[in-house]
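Below is data-v5.txt, which holds compact mmCIF, C-alpha atoms.
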```txt
# COMPACT_ATOMS: atom_id res chain seq x y z
CA MET F 1 -41.59 -220.25 -33.58
CA SER F 2 -41.70 -216.49 -33.41
CA GLY F 3 -38.73 -214.62 -34.76
CA ALA F 4 -38.33 -217.41 -37.32
CA SER F 5 -35.89 -215.46 -39.43
CA SER F 6 -33.37 -215.63 -36.59
CA TYR F 7 -34.60 -218.72 -34.76
CA LEU F 8 -31.55 -220.96 -34.55
CA LEU F 9 -33.15 -224.41 -34.28
CA ALA F 10 -34.04 -226.30 -37.44
CA ASP F 11 -37.68 -226.69 -38.37
CA GLY F 12 -39.40 -229.89 -39.46
CA THR F 13 -41.19 -232.86 -37.94
CA ALA F 14 -38.44 -233.72 -35.44
CA GLU F 15 -38.47 -230.19 -34.00
CA LEU F 16 -42.26 -230.25 -33.82
CA GLU F 17 -42.16 -233.48 -31.83
CA ARG F 18 -39.44 -232.12 -29.54
CA LEU F 19 -41.52 -229.03 -28.77
CA ARG F 20 -44.62 -231.13 -28.07
CA LEU F 21 -42.66 -233.29 -25.64
CA GLN F 22 -41.18 -230.17 -24.06
CA ALA F 23 -44.63 -228.65 -23.53
CA ARG F 24 -45.87 -231.82 -21.83
CA VAL F 25 -42.79 -232.14 -19.61
CA TRP F 26 -42.96 -228.55 -18.35
CA GLU F 27 -46.74 -228.20 -18.11
CA PRO F 28 -46.85 -229.06 -14.35
CA ALA F 29 -44.29 -226.31 -13.68
CA ALA F 30 -46.32 -223.86 -15.75
CA GLU F 31 -49.46 -224.84 -13.81
CA ALA F 32 -47.66 -224.13 -10.52
CA MET F 33 -46.51 -220.72 -11.75
CA PHE F 34 -49.99 -219.78 -12.97
CA ASP F 35 -51.41 -220.81 -9.60
CA GLN F 36 -49.02 -218.40 -7.89
CA ILE F 37 -49.80 -215.60 -10.33
CA GLY F 38 -53.49 -216.12 -9.62
CA ILE F 39 -54.92 -216.07 -13.15
CA GLN F 40 -58.64 -215.37 -12.90
CA PRO F 41 -61.68 -216.36 -14.97
CA GLY F 42 -62.34 -213.73 -17.59
CA TRP F 43 -58.70 -212.73 -18.09
CA SER F 44 -57.23 -212.08 -21.54
CA CYS F 45 -53.88 -213.87 -21.96
CA VAL F 46 -51.36 -214.11 -24.78
CA ASP F 47 -48.68 -216.78 -25.26
CA LEU F 48 -46.01 -215.39 -27.59
CA GLY F 49 -44.14 -218.02 -29.59
CA CYS F 50 -46.59 -220.74 -28.56
CA ALA F 51 -45.29 -223.30 -31.10
CA GLY F 52 -47.58 -226.32 -31.45
CA MET F 53 -48.92 -226.39 -27.90
CA GLY F 54 -47.21 -223.96 -25.53
CA VAL F 55 -49.24 -223.24 -22.40
CA LEU F 56 -52.51 -222.84 -24.26
CA GLY F 57 -54.29 -225.62 -22.33
CA PRO F 58 -53.47 -224.38 -18.81
CA LEU F 59 -54.38 -220.81 -19.74
CA SER F 60 -57.62 -221.87 -21.40
CA ARG F 61 -58.75 -223.77 -18.31
CA ARG F 62 -58.03 -220.85 -16.02
CA VAL F 63 -59.65 -218.00 -17.95
CA GLY F 64 -62.83 -219.98 -18.62
CA SER F 65 -65.62 -219.30 -21.06
CA HIS F 66 -65.61 -215.55 -20.44
CA GLY F 67 -61.86 -215.18 -20.94
CA ARG F 68 -59.68 -215.47 -24.00
CA VAL F 69 -56.26 -216.81 -24.89
CA VAL F 70 -54.27 -215.80 -27.95
CA GLY F 71 -51.39 -217.95 -29.19
CA VAL F 72 -48.90 -216.14 -31.43
CA GLU F 73 -46.78 -218.16 -33.85
CA ASN F 74 -45.38 -217.62 -37.35
CA ASP F 75 -43.83 -220.97 -38.30
CA VAL F 76 -46.16 -222.73 -40.75
CA LYS F 77 -45.81 -226.22 -39.26
CA GLN F 78 -46.09 -224.99 -35.69
CA LEU F 79 -49.17 -222.95 -36.60
CA ALA F 80 -50.88 -225.99 -38.08
CA ALA F 81 -49.98 -228.06 -35.01
CA ALA F 82 -51.29 -225.36 -32.64
CA ARG F 83 -54.58 -225.12 -34.52
CA ASP F 84 -54.92 -228.91 -34.50
CA TYR F 85 -54.25 -228.94 -30.75
CA VAL F 86 -56.88 -226.26 -30.11
CA ARG F 87 -59.44 -228.05 -32.26
CA GLU F 88 -58.78 -231.53 -30.87
CA ASN F 89 -59.02 -230.28 -27.28
CA GLN F 90 -62.04 -228.05 -28.01
CA LEU F 91 -60.38 -224.97 -26.59
CA THR F 92 -63.10 -222.62 -27.76
CA ASN F 93 -61.64 -219.63 -25.92
CA VAL F 94 -58.27 -219.91 -27.70
CA GLU F 95 -57.32 -218.14 -30.92
CA ILE F 96 -54.12 -218.84 -32.86
CA VAL F 97 -52.76 -215.94 -34.89
CA GLU F 98 -50.01 -216.00 -37.50
CA GLN F 99 -47.72 -213.19 -36.41
CA ASP F 100 -44.16 -212.54 -35.31
CA ALA F 101 -43.94 -212.05 -31.54
CA TYR F 102 -41.52 -209.16 -32.01
CA ARG F 103 -43.78 -207.32 -34.45
CA THR F 104 -47.27 -208.43 -33.55
CA SER F 105 -50.15 -206.11 -34.43
CA LEU F 106 -52.20 -207.16 -31.39
CA THR F 107 -53.72 -204.23 -29.52
CA CYS F 108 -51.37 -202.68 -26.99
CA GLY F 109 -52.49 -202.77 -23.37
CA SER F 110 -55.14 -205.42 -24.02
CA PHE F 111 -53.84 -208.41 -22.03
CA ASP F 112 -54.01 -209.26 -18.34
CA LEU F 113 -51.13 -211.72 -18.84
CA THR F 114 -48.39 -211.71 -21.45
CA HIS F 115 -46.29 -214.88 -21.42
CA VAL F 116 -43.28 -216.33 -23.22
CA ARG F 117 -41.42 -219.59 -22.70
CA PHE F 118 -38.10 -220.54 -24.31
CA VAL F 119 -38.10 -217.63 -26.75
CA PHE F 120 -35.38 -215.43 -25.24
CA ALA F 121 -32.91 -218.36 -25.17
CA PRO F 122 -32.86 -219.33 -28.87
CA VAL F 123 -33.72 -216.01 -30.45
CA GLY F 124 -32.13 -213.34 -28.27
CA GLN F 125 -33.17 -209.74 -29.05
CA GLU F 126 -34.34 -209.56 -25.47
CA ASP F 127 -34.81 -205.80 -25.30
CA ALA F 128 -37.19 -205.85 -28.26
CA LEU F 129 -39.12 -208.85 -26.96
CA LEU F 130 -39.52 -207.46 -23.45
CA ARG F 131 -40.60 -204.10 -24.86
CA LYS F 132 -43.29 -205.84 -26.92
CA MET F 133 -44.46 -207.81 -23.87
CA LEU F 134 -44.77 -204.61 -21.86
CA ASP F 135 -46.64 -202.90 -24.68
CA LEU F 136 -49.19 -205.71 -24.89
CA THR F 137 -49.84 -205.84 -21.13
CA ARG F 138 -52.47 -203.61 -19.58
CA PRO F 139 -51.51 -201.42 -16.59
CA GLY F 140 -51.70 -203.70 -13.54
CA GLY F 141 -51.35 -206.81 -15.72
CA VAL F 142 -48.68 -209.50 -15.46
CA VAL F 143 -45.61 -210.18 -17.59
CA ALA F 144 -44.36 -213.78 -17.18
CA ILE F 145 -41.21 -215.37 -18.61
CA GLN F 146 -39.96 -218.97 -18.49
CA GLU F 147 -36.40 -219.56 -19.71
CA PRO F 148 -33.71 -222.23 -19.23
CA ASP F 149 -30.61 -222.30 -17.05
CA ALA F 150 -28.22 -225.15 -17.91
CA SER F 151 -26.55 -225.27 -14.47
CA SER F 152 -28.26 -228.52 -13.42
CA TRP F 153 -28.34 -230.18 -16.86
CA ASN F 154 -26.04 -233.11 -16.11
CA CYS F 155 -25.86 -236.86 -15.78
CA TYR F 156 -24.57 -238.92 -12.86
CA PRO F 157 -22.14 -240.59 -12.94
CA ALA F 158 -20.59 -237.92 -15.16
CA ARG F 159 -19.75 -238.84 -18.75
CA SER F 160 -17.45 -236.91 -21.06
CA GLU F 161 -19.82 -237.38 -24.02
CA TRP F 162 -22.63 -235.65 -22.15
CA ALA F 163 -20.42 -232.69 -21.19
CA ARG F 164 -19.09 -232.41 -24.75
CA LEU F 165 -22.55 -232.37 -26.32
CA LYS F 166 -23.96 -229.96 -23.74
CA ASP F 167 -21.07 -227.56 -24.27
CA ALA F 168 -21.53 -227.76 -28.05
CA ILE F 169 -25.24 -226.92 -27.75
CA LEU F 170 -24.57 -223.93 -25.51
CA ALA F 171 -21.84 -222.73 -27.87
CA ALA F 172 -24.18 -223.03 -30.88
CA PHE F 173 -26.81 -220.94 -29.10
CA ALA F 174 -24.20 -218.27 -28.29
CA ALA F 175 -22.76 -218.25 -31.82
CA ALA F 176 -26.22 -217.53 -33.23
CA GLY F 177 -26.92 -214.69 -30.81
CA GLY F 178 -28.98 -216.71 -28.33
CA ASP F 179 -28.19 -217.79 -24.79
CA PHE F 180 -29.23 -221.14 -23.35
CA ASN F 181 -28.73 -219.63 -19.88
CA ALA F 182 -31.17 -216.78 -20.47
CA GLY F 183 -33.07 -217.86 -17.36
CA GLN F 184 -30.22 -216.60 -15.20
CA ARG F 185 -30.97 -213.00 -16.22
CA THR F 186 -34.73 -212.72 -16.40
CA PHE F 187 -35.39 -211.77 -12.76
CA ALA F 188 -33.05 -208.77 -12.95
CA MET F 189 -34.42 -207.97 -16.39
CA LEU F 190 -37.95 -207.51 -15.08
CA ARG F 191 -36.77 -205.47 -12.11
CA ARG F 192 -34.77 -203.15 -14.36
CA ALA F 193 -37.83 -202.75 -16.59
CA GLY F 194 -39.74 -201.31 -13.63
CA LEU F 195 -42.19 -204.13 -13.04
CA GLU F 196 -43.65 -204.34 -9.56
CA ASP F 197 -43.65 -207.27 -7.13
CA VAL F 198 -41.29 -209.33 -9.30
CA GLN F 199 -41.33 -212.98 -8.23
CA ILE F 200 -39.17 -215.98 -9.11
CA ARG F 201 -39.48 -219.73 -8.83
CA ALA F 202 -37.49 -222.55 -10.38
CA ALA F 203 -38.35 -226.02 -11.67
CA VAL F 204 -36.09 -228.99 -12.39
CA PHE F 205 -36.76 -232.68 -12.96
CA ALA F 206 -34.84 -235.86 -12.19
CA LEU F 207 -35.39 -238.03 -15.26
CA GLN F 208 -35.28 -241.79 -14.81
CA ALA F 209 -34.97 -244.20 -17.73
CA PRO F 210 -36.83 -244.57 -20.02
CA HIS F 211 -38.14 -240.98 -19.83
CA PRO F 212 -37.93 -239.58 -23.40
CA TYR F 213 -36.70 -236.15 -22.21
CA ARG F 214 -33.38 -237.78 -21.30
CA ARG F 215 -32.67 -237.62 -25.05
CA LEU F 216 -32.94 -233.83 -25.20
CA PRO F 217 -29.20 -233.25 -25.86
CA ILE F 218 -29.42 -235.58 -28.84
CA GLN F 219 -32.58 -233.92 -30.15
CA LEU F 220 -31.07 -230.45 -29.85
CA ALA F 221 -27.78 -231.55 -31.41
CA MET F 222 -29.66 -232.99 -34.39
CA SER F 223 -31.55 -229.72 -34.81
CA LEU F 224 -28.32 -227.71 -34.44
CA HIS F 225 -26.17 -230.09 -36.51
CA ARG F 226 -25.31 -227.65 -39.29
CA ARG F 227 -24.52 -224.85 -36.85
CA ILE F 228 -22.33 -227.03 -34.62
CA VAL F 229 -20.29 -228.49 -37.47
CA GLY F 230 -20.35 -225.38 -39.65
CA ALA F 231 -19.02 -223.17 -36.86
CA GLY F 232 -16.27 -225.65 -36.04
CA ILE F 233 -17.61 -226.26 -32.54
CA LEU F 234 -17.29 -230.01 -33.09
CA SER F 235 -16.22 -232.02 -36.12
CA GLU F 236 -18.73 -234.35 -37.73
CA SER F 237 -17.06 -237.40 -36.19
CA ALA F 238 -16.78 -235.82 -32.73
CA LEU F 239 -20.44 -234.82 -32.82
CA ASP F 240 -21.48 -238.32 -33.87
CA GLU F 241 -19.37 -239.85 -31.09
CA ALA F 242 -20.90 -237.55 -28.46
CA MET F 243 -24.43 -238.31 -29.68
CA VAL F 244 -23.82 -242.08 -29.55
CA GLY F 245 -22.54 -241.73 -25.99
CA CYS F 246 -25.59 -239.70 -24.99
CA GLU F 247 -27.89 -242.33 -26.51
CA GLN F 248 -26.22 -244.87 -24.21
CA ILE F 249 -26.69 -242.55 -21.23
CA ALA F 250 -30.36 -241.98 -22.08
CA GLY F 251 -31.04 -245.71 -22.12
CA ASP F 252 -29.00 -246.65 -19.04
CA PRO F 253 -31.28 -247.21 -16.00
CA ASN F 254 -28.30 -246.83 -13.65
CA THR F 255 -27.55 -243.30 -14.85
CA THR F 256 -29.40 -240.34 -13.38
CA VAL F 257 -30.21 -237.44 -15.70
CA MET F 258 -31.19 -234.03 -14.41
CA SER F 259 -33.05 -231.57 -16.59
CA PHE F 260 -31.96 -227.99 -17.00
CA ILE F 261 -33.60 -225.50 -14.65
CA VAL F 262 -36.59 -223.54 -15.86
CA THR F 263 -36.48 -220.13 -14.22
CA GLN F 264 -39.96 -218.66 -13.95
CA VAL F 265 -40.26 -214.94 -13.27
CA TRP F 266 -43.22 -212.61 -13.33
CA GLY F 267 -44.13 -209.10 -12.28
CA ARG F 268 -46.91 -206.54 -12.58
CA LYS F 269 -46.86 -203.61 -14.94
CA ALA F 270 -47.33 -200.40 -13.01
CA ALA F 271 -50.99 -199.42 -12.77
CA ALA F 272 -52.29 -196.10 -14.03
CA ASN F 273 -52.74 -193.29 -11.51
CA ARG F 274 -55.85 -191.21 -11.19
CA ASN F 275 -54.83 -188.94 -14.06
CA GLY F 276 -54.37 -191.93 -16.36
CA ALA F 277 -50.59 -191.69 -16.37
CA GLN F 278 -48.61 -194.79 -15.56
CA ARG F 279 -46.61 -194.87 -12.35
CA GLY F 280 -42.85 -195.20 -12.53
```

Output the file's structure as structure tokens, nothing else.
Amino acid sequence: MSGASSYLLADGTAELERLRLQARVWEPAAEAMFDQIGIQPGWSCVDLGCAGMGVLGPLSRRVGSHGRVVGVENDVKQLAAARDYVRENQLTNVEIVEQDAYRTSLTCGSFDLTHVRFVFAPVGQEDALLRKMLDLTRPGGVVAIQEPDASSWNCYPARSEWARLKDAILAAFAAAGGDFNAGQRTFAMLRRAGLEDVQIRAAVFALQAPHPYRRLPIQLAMSLHRRIVGAGILSESALDEAMVGCEQIAGDPNTTVMSFIVTQVWGRKAAANRNGAQRG
């Protein structure tokens, strides 16, 4: 994941599998957003912090043989997974580059679409990331952000173990400088940055057993284990108890689980005027 030096989630096989599942779960929502943006054949698109899959497939299909997609990633295992994904799916218009999203050397102003998903939330440094996204986008091009909002991330009937683990995850994000609710701010962020025609849509899923994404709190808690316990957010025994309870919730067909909201926002970078200067 880009910004690896400050990325708060643990690396390894479990995190790779979680990110693959995440990409599959949210791909229909990404497809709907890209439909609204109106990505055209021949576009150049970049997915910053693409991990092992990101939105490379949907972008590849839309830009076609005359377009190009660049996936940016700097975690060694995620890079290998992304390259395997591109090769296995024969995405010949996709290139994976080993760079940090915050300090990429890609040519400024060269992309019709610059996209990130779930990078603001764990890493933070949002001013630097948005500035890089704007730099990479050509005048008239689109900046698109997908980030989480935990408002809907609940189970019904309510269980104390779920609430305890959710609160611990959000606290661990905050303690490391991230914000699991980053999706609540992205619309205003793009408007303040001067983008034009800023749009917003939201996606959320009701997850019935045995959907594997019902286990997301457990997966995140495992990845954040050292941070949760080390920061005193929960003791080892309290964390274990909450995770056991959430395993029971995940497997209970009578319990409804709602995903968090994915807030999708996008806007156009001001086009150049006749003198070549950018408006705004």

Do you know which residues are at most 6 Å from segment 88-101 of chain F counting all atoms listed in the file, after dropping those on the same chain fewer than 2 positions away, and could you put them as a compact mmCIF listing (two decimals) with C-alpha atoms, in the coordinates of the input?
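Generated output (around00.txt):
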```
# COMPACT_ATOMS: atom_id res chain seq x y z
CA SER F 2 -41.70 -216.49 -33.41
CA GLY F 3 -38.73 -214.62 -34.76
CA LEU F 48 -46.01 -215.39 -27.59
CA ARG F 68 -59.68 -215.47 -24.00
CA VAL F 69 -56.26 -216.81 -24.89
CA VAL F 70 -54.27 -215.80 -27.95
CA GLY F 71 -51.39 -217.95 -29.19
CA VAL F 72 -48.90 -216.14 -31.43
CA GLU F 73 -46.78 -218.16 -33.85
CA ASN F 74 -45.38 -217.62 -37.35
CA ASP F 84 -54.92 -228.91 -34.50
CA TYR F 85 -54.25 -228.94 -30.75
CA VAL F 86 -56.88 -226.26 -30.11
CA ARG F 103 -43.78 -207.32 -34.45
CA THR F 104 -47.27 -208.43 -33.55
```

Practice prompt. State, in Å with one decimal place, the distance from atom CA of Asp167 of chain F to atom CA of Ile145 of chain F.
Written response: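 Atom-to-atom, atom CA of Asp167 of chain F to atom CA of Ile145 of chain F, that is 24.2 Å.
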
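Minimum atom-to-atom distance to Gly124 of chain F, evaluated using all atoms listed in the file, belongs to F:Ala176 out of F:Ala176, F:Asp112, F:Arg83, F:Lys77.
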
Could you work out an axis-aligned box for segment 22-33 of chain F, taking every atom the file lists and adding 5 Å on each side, and report centre and edge lengths in Å to one decimal, as AutoDock Vina command-line options?
```
--center_x -45.3 --center_y -226.4 --center_z -17.3 --size_x 18.3 --size_y 21.4 --size_z 23.5
```

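For the residues F:Val142, F:Ala250, F:Leu16, F:Val76, ranking by smallest atom-to-atom distance to Gln40 of chain F using all atoms listed in the file places F:Val142 first.
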
Practice prompt. Would you work out the distance separating atom CA of His66 of chain F from atom CA of Cys45 of chain F, expressed in Å to one decimal?
Written response: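 Atom-to-atom, atom CA of His66 of chain F to atom CA of Cys45 of chain F, that is 11.9 Å.
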
Worksheet entry | Local residues around (-50.4, -200.9, -8.9), at most 8 Å away, using all atoms listed in the file, as an NGL selection string | :F and (139-140 or 196 or 268-272 or 279)
